[in-house]
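Peer 1: PDB, C-alpha atoms, file data15.pdb:
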```pdb
ATOM      1  CA  MET A 265     143.142   2.243  69.736
ATOM      2  CA  ARG A 266     144.830  -1.050  68.962
ATOM      3  CA  LEU A 267     148.603  -1.011  69.324
ATOM      4  CA  ASN A 268     151.065  -3.722  68.408
ATOM      5  CA  GLU A 269     153.372  -5.005  71.141
ATOM      6  CA  ASP A 270     156.269  -2.708  70.206
ATOM      7  CA  CYS A 271     153.968   0.262  70.322
ATOM      8  CA  ARG A 272     152.652  -0.720  73.749
ATOM      9  CA  ASN A 273     156.177  -0.977  75.105
ATOM     10  CA  GLY A 274     157.065   2.309  73.482
ATOM     11  CA  GLU A 275     154.061   4.008  75.045
ATOM     12  CA  GLU A 276     155.024   2.793  78.480
ATOM     13  CA  LYS A 277     158.573   4.149  78.048
ATOM     14  CA  GLU A 278     157.351   7.477  76.726
ATOM     15  CA  ASN A 279     154.843   7.828  79.552
ATOM     16  CA  ASP A 280     157.517   6.988  82.127
ATOM     17  CA  ARG A 281     159.530   9.939  80.851
ATOM     18  CA  GLY A 282     156.464  12.178  80.682
ATOM     19  CA  SER A 283     157.089  12.823  77.016
ATOM     20  CA  LEU A 284     154.656  13.413  74.164
ATOM     21  CA  PRO A 285     152.353  10.531  73.108
ATOM     22  CA  LEU A 286     153.103   8.182  70.261
ATOM     23  CA  SER A 287     152.870   9.494  66.744
ATOM     24  CA  LEU A 288     149.848   8.325  64.753
ATOM     25  CA  PRO A 289     151.746   6.274  62.106
ATOM     26  CA  GLN A 290     152.666   3.799  64.883
ATOM     27  CA  LEU A 291     149.012   3.100  65.604
ATOM     28  CA  LYS A 292     146.965   0.278  64.150
ATOM     29  CA  LEU A 293     143.480   1.612  63.567
ATOM     30  CA  VAL A 294     140.874  -1.143  63.167
ATOM     31  CA  VAL A 295     137.796  -0.232  61.130
ATOM     32  CA  GLY A 296     135.009  -2.797  61.134
ATOM     33  CA  TYR A 297     132.720  -2.436  58.139
ATOM     34  CA  ALA A 298     129.161  -3.640  57.535
ATOM     35  CA  LEU A 299     128.367  -2.805  53.922
ATOM     36  CA  THR A 300     126.405  -4.325  51.074
ATOM     37  CA  SER A 301     128.426  -6.281  48.517
ATOM     38  CA  LYS A 302     127.820  -3.499  46.007
ATOM     39  CA  LYS A 303     129.153  -0.872  48.424
ATOM     40  CA  VAL A 304     132.176  -3.005  49.299
ATOM     41  CA  LYS A 305     133.072  -3.278  45.612
ATOM     42  CA  SER A 306     132.691   0.463  44.903
ATOM     43  CA  PHE A 307     134.229   1.774  48.136
ATOM     44  CA  LEU A 308     136.884  -0.699  49.300
ATOM     45  CA  GLN A 309     138.949  -0.476  46.143
ATOM     46  CA  PRO A 310     142.537  -1.818  46.197
ATOM     47  CA  LYS A 311     143.978   1.693  46.061
ATOM     48  CA  LEU A 312     142.075   2.680  49.223
ATOM     49  CA  GLU A 313     143.027  -0.456  51.131
ATOM     50  CA  GLY A 314     146.681  -0.142  50.091
ATOM     51  CA  LEU A 315     146.904   3.483  51.219
ATOM     52  CA  ALA A 316     145.078   2.643  54.444
ATOM     53  CA  ARG A 317     147.568  -0.131  55.293
ATOM     54  CA  ARG A 318     150.476   2.262  54.773
ATOM     55  CA  LYS A 319     148.817   4.666  57.195
ATOM     56  CA  GLY A 320     148.192   1.961  59.798
ATOM     57  CA  ILE A 321     144.482   1.498  59.062
ATOM     58  CA  LEU A 322     143.035  -2.008  58.821
ATOM     59  CA  PHE A 323     139.570  -2.669  57.349
ATOM     60  CA  VAL A 324     137.883  -5.769  58.808
ATOM     61  CA  ALA A 325     134.585  -7.195  57.541
ATOM     62  CA  ILE A 326     131.852  -7.596  60.147
ATOM     63  CA  ASP A 327     130.308 -11.067  60.031
ATOM     64  CA  HIS A 328     126.519 -10.674  59.863
ATOM     65  CA  GLN A 329     126.065 -14.246  61.110
ATOM     66  CA  LYS A 330     127.764 -13.546  64.452
ATOM     67  CA  PRO A 331     126.789 -11.156  67.264
ATOM     68  CA  LEU A 332     128.503  -7.804  66.789
ATOM     69  CA  ALA A 333     129.557  -7.703  70.454
ATOM     70  CA  GLU A 334     131.648 -10.862  69.934
ATOM     71  CA  GLN A 335     133.655  -9.315  67.098
ATOM     72  CA  GLY A 336     136.462  -6.815  67.077
ATOM     73  CA  PRO A 337     137.738  -5.057  69.007
ATOM     74  CA  PHE A 338     137.112  -2.102  66.698
ATOM     75  CA  ASP A 339     138.097   1.539  66.900
ATOM     76  CA  ILE A 340     135.522   2.536  64.283
ATOM     77  CA  VAL A 341     132.429   0.851  62.848
ATOM     78  CA  LEU A 342     131.629   1.927  59.299
ATOM     79  CA  HIS A 343     128.232   0.836  58.029
ATOM     80  CA  LYS A 344     125.513   1.263  55.466
ATOM     81  CA  LEU A 345     122.873  -1.371  55.996
ATOM     82  CA  THR A 346     119.140  -0.815  56.232
ATOM     83  CA  GLY A 347     116.484  -2.440  58.389
ATOM     84  CA  GLU A 348     115.183  -2.070  61.930
ATOM     85  CA  ALA A 349     116.963  -5.178  63.163
ATOM     86  CA  TRP A 350     120.384  -3.857  62.169
ATOM     87  CA  GLY A 351     119.554  -0.467  63.670
ATOM     88  CA  ARG A 352     118.725  -2.082  67.022
ATOM     89  CA  ILE A 353     121.919  -4.151  66.958
ATOM     90  CA  LEU A 354     124.041  -1.084  66.293
ATOM     91  CA  GLU A 355     122.321   1.095  68.891
ATOM     92  CA  ASP A 356     122.812  -1.620  71.505
ATOM     93  CA  TYR A 357     126.481  -1.887  70.501
ATOM     94  CA  ARG A 358     126.939   1.901  70.797
ATOM     95  CA  GLU A 359     125.531   1.859  74.328
ATOM     96  CA  LYS A 360     127.792  -0.959  75.446
ATOM     97  CA  HIS A 361     130.901   0.301  73.607
ATOM     98  CA  PRO A 362     130.964   4.100  73.888
ATOM     99  CA  GLU A 363     134.702   4.043  73.143
ATOM    100  CA  VAL A 364     133.978   2.921  69.552
ATOM    101  CA  THR A 365     133.134   5.560  66.924
ATOM    102  CA  VAL A 366     130.095   4.503  64.890
ATOM    103  CA  LEU A 367     129.803   6.133  61.475
ATOM    104  CA  ASP A 368     127.079   7.237  61.675
ATOM    105  CA  PRO A 369     124.311   6.864  64.330
ATOM    106  CA  PRO A 370     121.404   4.821  62.891
ATOM    107  CA  ASP A 371     118.744   7.219  64.143
ATOM    108  CA  ALA A 372     120.473  10.142  62.410
ATOM    109  CA  ILE A 373     120.800   8.207  59.148
ATOM    110  CA  GLN A 374     117.094   7.350  59.267
ATOM    111  CA  HIS A 375     116.377  11.052  58.812
ATOM    112  CA  LEU A 376     117.730  10.837  55.246
ATOM    113  CA  TYR A 377     115.614   7.853  54.260
ATOM    114  CA  ASN A 378     112.614  10.133  53.871
ATOM    115  CA  ARG A 379     112.769  12.866  51.235
ATOM    116  CA  GLN A 380     110.313  15.023  53.133
ATOM    117  CA  SER A 381     112.424  15.134  56.304
ATOM    118  CA  MET A 382     115.834  15.238  54.548
ATOM    119  CA  LEU A 383     115.224  18.659  52.991
ATOM    120  CA  LYS A 384     113.424  20.190  55.956
ATOM    121  CA  ASP A 385     116.723  21.053  57.628
ATOM    122  CA  VAL A 386     117.864  22.934  54.509
ATOM    123  CA  ALA A 387     114.570  24.835  54.368
ATOM    124  CA  ASP A 388     114.913  25.711  58.060
ATOM    125  CA  ILE A 389     118.431  27.065  57.507
ATOM    126  CA  ASN A 390     117.264  29.256  54.588
ATOM    127  CA  LEU A 391     120.894  30.142  54.003
ATOM    128  CA  CYS A 392     121.451  33.585  52.524
ATOM    129  CA  ASP A 393     124.599  35.689  52.641
ATOM    130  CA  SER A 394     126.812  37.768  50.377
ATOM    131  CA  TYR A 395     127.912  34.626  48.490
ATOM    132  CA  GLY A 396     124.419  33.533  47.525
ATOM    133  CA  LYS A 397     121.175  31.976  48.691
ATOM    134  CA  ILE A 398     120.463  28.264  49.228
ATOM    135  CA  GLY A 399     116.977  26.871  49.615
ATOM    136  CA  VAL A 400     114.863  23.956  48.422
ATOM    137  CA  PRO A 401     112.439  23.803  45.503
ATOM    138  CA  LYS A 402     108.779  24.224  46.333
ATOM    139  CA  GLN A 403     107.505  20.738  47.079
ATOM    140  CA  LEU A 404     104.499  18.649  48.072
ATOM    141  CA  VAL A 405     104.222  15.168  49.617
ATOM    142  CA  ILE A 406     101.596  12.745  48.346
ATOM    143  CA  THR A 407     101.178   9.575  50.405
ATOM    144  CA  LYS A 408      98.192   7.972  48.635
ATOM    145  CA  ASP A 409      95.386   8.382  46.065
ATOM    146  CA  SER A 410      97.045   9.322  42.789
ATOM    147  CA  SER A 411      93.732  10.600  41.406
ATOM    148  CA  ALA A 412      93.865  13.501  43.876
ATOM    149  CA  ILE A 413      97.326  14.660  42.795
ATOM    150  CA  PRO A 414      96.230  17.219  40.131
ATOM    151  CA  ASP A 415      93.941  18.980  42.621
ATOM    152  CA  ALA A 416      96.584  18.924  45.377
ATOM    153  CA  VAL A 417      99.182  20.402  43.006
ATOM    154  CA  SER A 418      96.764  23.160  41.982
ATOM    155  CA  LYS A 419      95.971  24.045  45.611
ATOM    156  CA  ALA A 420      99.690  24.096  46.484
ATOM    157  CA  GLU A 421     100.278  26.383  43.458
ATOM    158  CA  LEU A 422     103.097  24.259  42.090
ATOM    159  CA  THR A 423     103.926  25.061  38.476
ATOM    160  CA  LEU A 424     104.657  22.565  35.718
ATOM    161  CA  PRO A 425     106.788  20.677  34.910
ATOM    162  CA  ILE A 426     107.025  18.751  38.162
ATOM    163  CA  VAL A 427     109.661  16.284  39.324
ATOM    164  CA  ALA A 428     108.360  13.224  41.174
ATOM    165  CA  LYS A 429     110.621  11.143  43.430
ATOM    166  CA  PRO A 430     109.865   8.166  45.702
ATOM    167  CA  LEU A 431     109.244   9.379  49.252
ATOM    168  CA  VAL A 432     111.315   6.623  50.846
ATOM    169  CA  VAL A 433     115.006   6.126  50.068
ATOM    170  CA  ASP A 434     115.748   2.474  50.793
ATOM    171  CA  GLY A 435     119.024   1.990  48.936
ATOM    172  CA  THR A 436     117.464   0.351  45.881
ATOM    173  CA  ALA A 437     117.938   1.702  42.360
ATOM    174  CA  LYS A 438     114.185   2.298  42.150
ATOM    175  CA  SER A 439     114.248   4.686  45.109
ATOM    176  CA  HIS A 440     116.621   6.928  43.121
ATOM    177  CA  GLU A 441     114.528   7.010  39.957
ATOM    178  CA  LEU A 442     112.610  10.155  39.114
ATOM    179  CA  SER A 443     109.810  11.194  36.799
ATOM    180  CA  LEU A 444     109.094  14.473  35.048
ATOM    181  CA  ALA A 445     105.417  15.328  34.514
ATOM    182  CA  TYR A 446     104.692  17.919  31.832
ATOM    183  CA  ASP A 447     100.924  18.324  32.169
ATOM    184  CA  ALA A 448      98.288  18.275  34.907
ATOM    185  CA  PHE A 449      96.418  15.303  33.455
ATOM    186  CA  SER A 450      99.499  13.092  33.660
ATOM    187  CA  LEU A 451      99.999  13.779  37.368
ATOM    188  CA  SER A 452      97.368  11.165  38.213
ATOM    189  CA  LYS A 453      99.625   8.535  36.585
ATOM    190  CA  LEU A 454     102.242   8.969  39.291
ATOM    191  CA  ASP A 455     102.618   6.328  41.966
ATOM    192  CA  PRO A 456     102.467   7.491  45.630
ATOM    193  CA  PRO A 457     104.031   7.753  48.140
ATOM    194  CA  ILE A 458     106.052  10.448  46.383
ATOM    195  CA  VAL A 459     107.560  13.885  46.766
ATOM    196  CA  LEU A 460     106.671  16.408  44.062
ATOM    197  CA  GLN A 461     109.147  19.215  43.409
ATOM    198  CA  GLU A 462     108.879  22.151  41.058
ATOM    199  CA  PHE A 463     111.412  21.722  38.281
ATOM    200  CA  VAL A 464     114.021  24.484  38.319
ATOM    201  CA  ASN A 465     115.955  25.109  35.104
ATOM    202  CA  HIS A 466     119.636  24.686  35.983
ATOM    203  CA  GLY A 467     121.553  24.408  32.731
ATOM    204  CA  GLY A 468     121.454  20.619  32.783
ATOM    205  CA  LEU A 469     124.134  20.501  35.487
ATOM    206  CA  LEU A 470     124.163  19.642  39.179
ATOM    207  CA  PHE A 471     126.900  19.909  41.778
ATOM    208  CA  LYS A 472     127.576  16.891  43.947
ATOM    209  CA  VAL A 473     129.015  18.135  47.225
ATOM    210  CA  TYR A 474     130.715  15.280  49.082
ATOM    211  CA  ILE A 475     131.126  15.652  52.849
ATOM    212  CA  VAL A 476     133.706  13.566  54.726
ATOM    213  CA  GLY A 477     133.891  14.974  58.238
ATOM    214  CA  GLU A 478     134.993  18.572  57.707
ATOM    215  CA  ALA A 479     136.375  17.918  54.220
ATOM    216  CA  ILE A 480     134.344  19.084  51.199
ATOM    217  CA  LYS A 481     134.790  17.975  47.602
ATOM    218  CA  VAL A 482     132.611  19.222  44.727
ATOM    219  CA  VAL A 483     132.176  17.511  41.365
ATOM    220  CA  ARG A 484     129.985  18.380  38.384
ATOM    221  CA  ARG A 485     127.409  15.939  37.044
ATOM    222  CA  PHE A 486     125.095  16.193  34.063
ATOM    223  CA  SER A 487     121.437  16.450  34.980
ATOM    224  CA  LEU A 488     118.063  16.847  33.268
ATOM    225  CA  PRO A 489     118.046  19.462  30.488
ATOM    226  CA  ASP A 490     116.197  22.749  30.855
ATOM    227  CA  VAL A 491     112.546  22.955  29.824
ATOM    228  CA  ASP A 492     111.215  26.048  28.041
ATOM    229  CA  LYS A 493     107.568  27.087  27.709
ATOM    230  CA  ARG A 494     107.344  26.014  24.073
ATOM    231  CA  GLU A 495     108.555  22.539  24.975
ATOM    232  CA  LEU A 496     106.047  22.444  27.820
ATOM    233  CA  ARG A 497     103.173  23.116  25.423
ATOM    234  CA  LYS A 498     104.354  20.492  22.931
ATOM    235  CA  ASN A 499     105.004  17.692  25.429
ATOM    236  CA  ALA A 500     102.576  15.723  27.521
ATOM    237  CA  GLY A 501     102.832  12.706  29.763
ATOM    238  CA  VAL A 502     105.256  11.436  32.346
ATOM    239  CA  TYR A 503     108.895  10.774  31.472
ATOM    240  CA  ARG A 504     110.788   8.422  33.748
ATOM    241  CA  PHE A 505     114.516   8.646  34.315
ATOM    242  CA  PRO A 506     116.988   6.396  36.112
ATOM    243  CA  ARG A 507     119.431   7.897  38.594
ATOM    244  CA  VAL A 508     120.790  10.863  36.641
ATOM    245  CA  SER A 509     123.956  11.615  38.636
ATOM    246  CA  CYS A 510     125.798   8.378  37.891
ATOM    247  CA  ALA A 511     129.506   8.112  37.158
ATOM    248  CA  ALA A 512     128.885   8.017  33.400
ATOM    249  CA  ALA A 513     127.276  11.428  33.678
ATOM    250  CA  SER A 514     130.458  13.185  34.852
ATOM    251  CA  ALA A 515     130.751  16.702  33.471
ATOM    252  CA  GLU A 516     134.227  17.499  34.776
ATOM    253  CA  ASP A 517     135.882  17.454  31.356
ATOM    254  CA  ALA A 518     132.956  18.765  29.314
ATOM    255  CA  ASN A 519     133.139  22.026  27.376
ATOM    256  CA  LEU A 520     130.533  23.974  29.340
ATOM    257  CA  ASP A 521     129.377  27.566  29.458
ATOM    258  CA  PRO A 522     131.439  29.138  32.294
ATOM    259  CA  GLY A 523     128.277  30.641  33.734
ATOM    260  CA  ILE A 524     126.866  27.132  34.147
ATOM    261  CA  ALA A 525     130.058  25.307  35.090
ATOM    262  CA  GLU A 526     131.257  27.730  37.779
ATOM    263  CA  LEU A 527     131.277  25.966  41.142
ATOM    264  CA  PRO A 528     129.242  27.371  44.038
ATOM    265  CA  PRO A 529     131.318  29.689  46.273
ATOM    266  CA  ARG A 530     133.409  27.741  48.757
ATOM    267  CA  PRO A 531     132.395  29.842  51.803
ATOM    268  CA  LEU A 532     128.732  29.235  51.025
ATOM    269  CA  LEU A 533     129.257  25.464  50.819
ATOM    270  CA  GLU A 534     131.330  25.428  54.004
ATOM    271  CA  ARG A 535     128.601  27.204  55.910
ATOM    272  CA  LEU A 536     125.911  24.872  54.536
ATOM    273  CA  ALA A 537     127.970  21.762  55.300
ATOM    274  CA  LYS A 538     128.681  22.933  58.847
ATOM    275  CA  GLU A 539     124.997  23.613  59.508
ATOM    276  CA  LEU A 540     123.900  20.266  58.079
ATOM    277  CA  ARG A 541     126.552  18.314  59.998
ATOM    278  CA  ARG A 542     125.220  19.874  63.179
ATOM    279  CA  ARG A 543     121.520  19.487  62.376
ATOM    280  CA  LEU A 544     121.717  16.007  60.872
ATOM    281  CA  GLY A 545     124.309  14.628  63.269
ATOM    282  CA  LEU A 546     126.127  13.008  60.336
ATOM    283  CA  ARG A 547     129.703  13.085  59.049
ATOM    284  CA  LEU A 548     129.377  11.081  55.823
ATOM    285  CA  PHE A 549     126.921  12.385  53.254
ATOM    286  CA  ASN A 550     126.578  14.295  50.020
ATOM    287  CA  ILE A 551     124.369  17.162  48.897
ATOM    288  CA  ASP A 552     123.008  17.527  45.365
ATOM    289  CA  ILE A 553     122.828  21.227  44.511
ATOM    290  CA  ILE A 554     121.638  23.059  41.395
ATOM    291  CA  ARG A 555     122.026  26.725  40.383
ATOM    292  CA  GLU A 556     118.954  28.346  38.890
ATOM    293  CA  HIS A 557     119.766  29.017  35.238
ATOM    294  CA  GLY A 558     120.196  32.701  34.508
ATOM    295  CA  THR A 559     121.323  33.529  38.042
ATOM    296  CA  ARG A 560     124.780  33.612  39.614
ATOM    297  CA  ASP A 561     123.857  33.091  43.249
ATOM    298  CA  ARG A 562     120.544  31.256  43.655
ATOM    299  CA  TYR A 563     121.006  27.597  44.601
ATOM    300  CA  TYR A 564     118.682  24.744  45.502
ATOM    301  CA  VAL A 565     119.375  21.528  47.389
ATOM    302  CA  ILE A 566     117.412  18.748  45.688
ATOM    303  CA  ASP A 567     118.732  15.652  47.483
ATOM    304  CA  ILE A 568     120.907  14.492  50.388
ATOM    305  CA  ASN A 569     122.400  10.987  50.545
ATOM    306  CA  TYR A 570     124.085   9.138  53.382
ATOM    307  CA  PHE A 571     127.461   7.457  52.665
ATOM    308  CA  PRO A 572     127.283   8.137  48.915
ATOM    309  CA  GLY A 573     129.459   6.662  46.165
ATOM    310  CA  TYR A 574     132.767   8.018  47.430
ATOM    311  CA  GLY A 575     134.585   5.816  44.918
ATOM    312  CA  LYS A 576     133.464   8.291  42.234
ATOM    313  CA  MET A 577     135.002  11.221  44.124
ATOM    314  CA  PRO A 578     138.496  12.171  42.882
ATOM    315  CA  GLY A 579     141.137  11.563  45.542
ATOM    316  CA  TYR A 580     138.691   9.904  47.922
ATOM    317  CA  GLU A 581     141.356   7.498  49.194
ATOM    318  CA  HIS A 582     143.438  10.292  50.754
ATOM    319  CA  ILE A 583     140.437  12.278  51.977
ATOM    320  CA  PHE A 584     138.811   9.283  53.650
ATOM    321  CA  THR A 585     141.931   7.876  55.306
ATOM    322  CA  ASP A 586     142.860  11.339  56.603
ATOM    323  CA  PHE A 587     139.347  11.606  58.038
ATOM    324  CA  LEU A 588     139.659   8.258  59.852
ATOM    325  CA  LEU A 589     142.999   9.307  61.327
ATOM    326  CA  SER A 590     141.517  12.640  62.435
ATOM    327  CA  LEU A 591     138.952  10.709  64.482
ATOM    328  CA  VAL A 592     141.807   8.945  66.253
ATOM    329  CA  GLN A 593     143.600  12.218  66.868
ATOM    330  CA  SER A 594     140.582  13.913  68.423
ATOM    331  CA  LYS A 595     139.825  10.880  70.594
ATOM    332  CA  TYR A 596     143.479  10.649  71.700
ATOM    333  CA  LYS A 597     143.570  14.343  72.589
ATOM    334  CA  ARG A 598     140.381  14.019  74.657
ATOM    335  CA  ARG A 599     141.865  11.047  76.503
ATOM    336  CA  LEU A 600     145.051  12.993  77.270
ATOM    337  CA  SER A 601     143.119  16.025  78.474
ATOM    338  CA  ASN A 602     141.236  13.838  80.960
ATOM    339  CA  THR A 603     144.404  12.383  82.496
TER     340      THR A 603
END
```
Starting from the coordinates I provided, produce the structure as structure tokens.

Peer 2:
Amino acid sequence: MRLNEDCRNGEEKENDRGSLPLSLPQLKLVVGYALTSKKVKSFLQPKLEGLARRKGILFVAIDHQKPLAEQGPFDIVLHKLTGEAWGRILEDYREKHPEVTVLDPPDAIQHLYNRQSMLKDVADINLCDSYGKIGVPKQLVITKDSSAIPDAVSKAELTLPIVAKPLVVDGTAKSHELSLAYDAFSLSKLDPPIVLQEFVNHGGLLFKVYIVGEAIKVVRRFSLPDVDKRELRKNAGVYRFPRVSCAAASAEDANLDPGIAELPPRPLLERLAKELRRRLGLRLFNIDIIREHGTRDRYYVIDINYFPGYGKMPGYEHIFTDFLLSLVQSKYKRRLSNT
């Protein structure tokens, strides 16, 4: 942890007396960030940076043109860049600077760049308790040959309509687009590699569950409307949609049926988040969850995203800065326990 000169002197005096360590507000926590320009604009908003400064947190941009090892020193590295080259740079940095907290490990993040692997951990948990059941929709991965999709869907016994999503999540807007296929003939118009998921009616609402360390924040977002059997018979073709859970689709202030708007039980979400943090090895992600329409306790995870748009999360400035300080606290306590 980086301390100013007064703090260093104070620490020496406190340690000489054998007293308690310095309080956190005296610390200067340096967070190096490597983010896209779009992410910088949405995340590093003036309100966040102002609050962070008051709490002793300093955000410093990492220069992509210089070796990472020559920059800093940092207490935390916050990043969301893609590419093998960046992954190798960061892994090498982690090995040489184990004292720096990297949010999050590149190899763990890679797990979420594939929609087949991202939901496998949820399926393996198969979470079911007195508060409800959480699973994943029935799904199928198609890597090539669109003409074979109708037959593959029939053999897998997936029912229409079917949601199609790009298999690879690479941070582009296109990787977050989805299509809804209403009939078997139209399935061959889809463009592999893709993940096909059975569409589950969910009242046109999804729950975005933001995870920041151990903190959980849930917001409502409008989603695709329900599809009934009559509509299925009348419609044909493939309908393409942009990212449906954008900020403009907020449903927080909408007049919704209470049965649809009711948030998933907190204990259920806490258990899911804890399991996914452990299995994924990540601390910054969000889970998109839907409730099957007509049920009170049957939920499906349809997507997981690393370092999502926290700027759209109410109160994210306080939640995120508290999280960064908690990392310092835990590291400081471990250092004290080893002395």

Peer 1: So how many Å separate CA of Arg358 (chain A) and CA of Leu332 (chain A), to one decimal?

Peer 2: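 Spanning CA of Arg358 (chain A) to CA of Leu332 (chain A) is a straight-line distance of 10.6 Å.
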
Peer 1: Against region 537-555 of chain A, which residues of region 421-516 of chain A fall within 12 Å? For each one I want the closest pair of atoms and the distance in Å (one decimal), counting all atoms listed in the file, rows by chain and increasing residue number, as a tab-separated table.

Peer 2:
```
residue	atom	partner	partner_atom	distance
A:Phe463	CA	A:Ile554	CA	10.8
A:Val464	CA	A:Ile554	CA	8.3
A:Asn465	CA	A:Arg555	CA	8.2
A:His466	CA	A:Arg555	CA	5.4
A:Gly467	CA	A:Arg555	CA	8.0
A:Gly468	CA	A:Ile554	CA	9.0
A:Leu469	CA	A:Ile554	CA	6.9
A:Leu470	CA	A:Ile554	CA	4.8
A:Phe471	CA	A:Ile553	CA	5.1
A:Lys472	CA	A:Asp552	CA	4.8
A:Val473	CA	A:Ile551	CA	5.0
A:Tyr474	CA	A:Asn550	CA	4.4
A:Ile475	CA	A:Phe549	CA	5.3
A:Val476	CA	A:Leu548	CA	5.1
A:Gly477	CA	A:Arg547	CA	4.7
A:Glu478	CA	A:Arg547	CA	7.7
A:Ala479	CA	A:Ala537	CA	9.3
A:Ile480	CA	A:Ala537	CA	8.0
A:Lys481	CA	A:Asn550	CA	9.3
A:Val482	CA	A:Asn550	CA	9.4
A:Val483	CA	A:Asp552	CA	10.0
A:Arg484	CA	A:Ile553	CA	9.8
A:Arg485	CA	A:Asp552	CA	9.5
A:Phe486	CA	A:Ile554	CA	10.6
A:Ser487	CA	A:Ile554	CA	9.2
A:Leu488	CA	A:Ile554	CA	10.8
A:Asp490	CA	A:Arg555	CA	11.9
A:Val508	CA	A:Asp552	CA	11.2
A:Ser509	CA	A:Asp552	CA	9.0
```

Peer 1: So which residues get picked by the PyMOL selection byres ((chain A and resi 432) around 6) here, written as a list in words?

Peer 2: Tyr377, Asn378, Pro430, Leu431 and Val433 of chain A

Peer 1: Just write the chosen residues, C-alpha atoms, as a PDB file, in the coordinates of the input.

Peer 2:
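To be explicit, this is the file written out as part.pdb:
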```pdb
ATOM      1  CA  TYR A 377     115.614   7.853  54.260  1.00  0.00           C
ATOM      2  CA  ASN A 378     112.614  10.133  53.871  1.00  0.00           C
ATOM      3  CA  PRO A 430     109.865   8.166  45.702  1.00  0.00           C
ATOM      4  CA  LEU A 431     109.244   9.379  49.252  1.00  0.00           C
ATOM      5  CA  VAL A 433     115.006   6.126  50.068  1.00  0.00           C
TER       6      VAL A 433
END
```

Peer 1: Could you tell me how far CA of Ser410 (chain A) lies from CA of Ser450 (chain A), in Å and to one decimal?

Peer 2: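 Taking CA of Ser410 (chain A) and CA of Ser450 (chain A), their separation equals 10.2 Å.
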
Peer 1: For the file shown, report as a ChimeraX atom specification the outcome of the PyMOL selection byres ((chain A and resi 503) around 6) at residue level.

Peer 2: /A:443-444,502,504

Peer 1: Just the number, please: distance in Å from CA of Ala333 (chain A) to CA of Gln374 (chain A), one decimal.

Peer 2: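 Going from CA of Ala333 (chain A) over to CA of Gln374 (chain A) covers 22.5 Å.
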
Peer 1: If you apply the PyMOL selection byres ((chain A and resi 581) around 9) to this file, what residues do you get, as a PyMOL selection string?

Peer 2: chain A and resi 309+311-313+315-316+574-575+577-580+582-586

Peer 1: Could you write out as AutoDock Vina command-line options the box around region 381-387 of chain A (axis-aligned, all atoms listed in the file, 3 Å on each side), with centre and edge lengths in Å to one decimal?

Peer 2:
```
--center_x 115.1 --center_y 20.0 --center_z 55.3 --size_x 11.4 --size_y 15.7 --size_z 10.6
```

Peer 1: Find the spatial neighbours of region 380-392 of chain A, counting only C-alpha atoms, within a cut-off of 9 Å - ignore same-chain residues fewer than 2 positions away - and output them as a ChimeraX atom specification.

Peer 2: /A:375-378,394-400,403-405,431-432,459,532,535-536,539-540,543-544,565-569
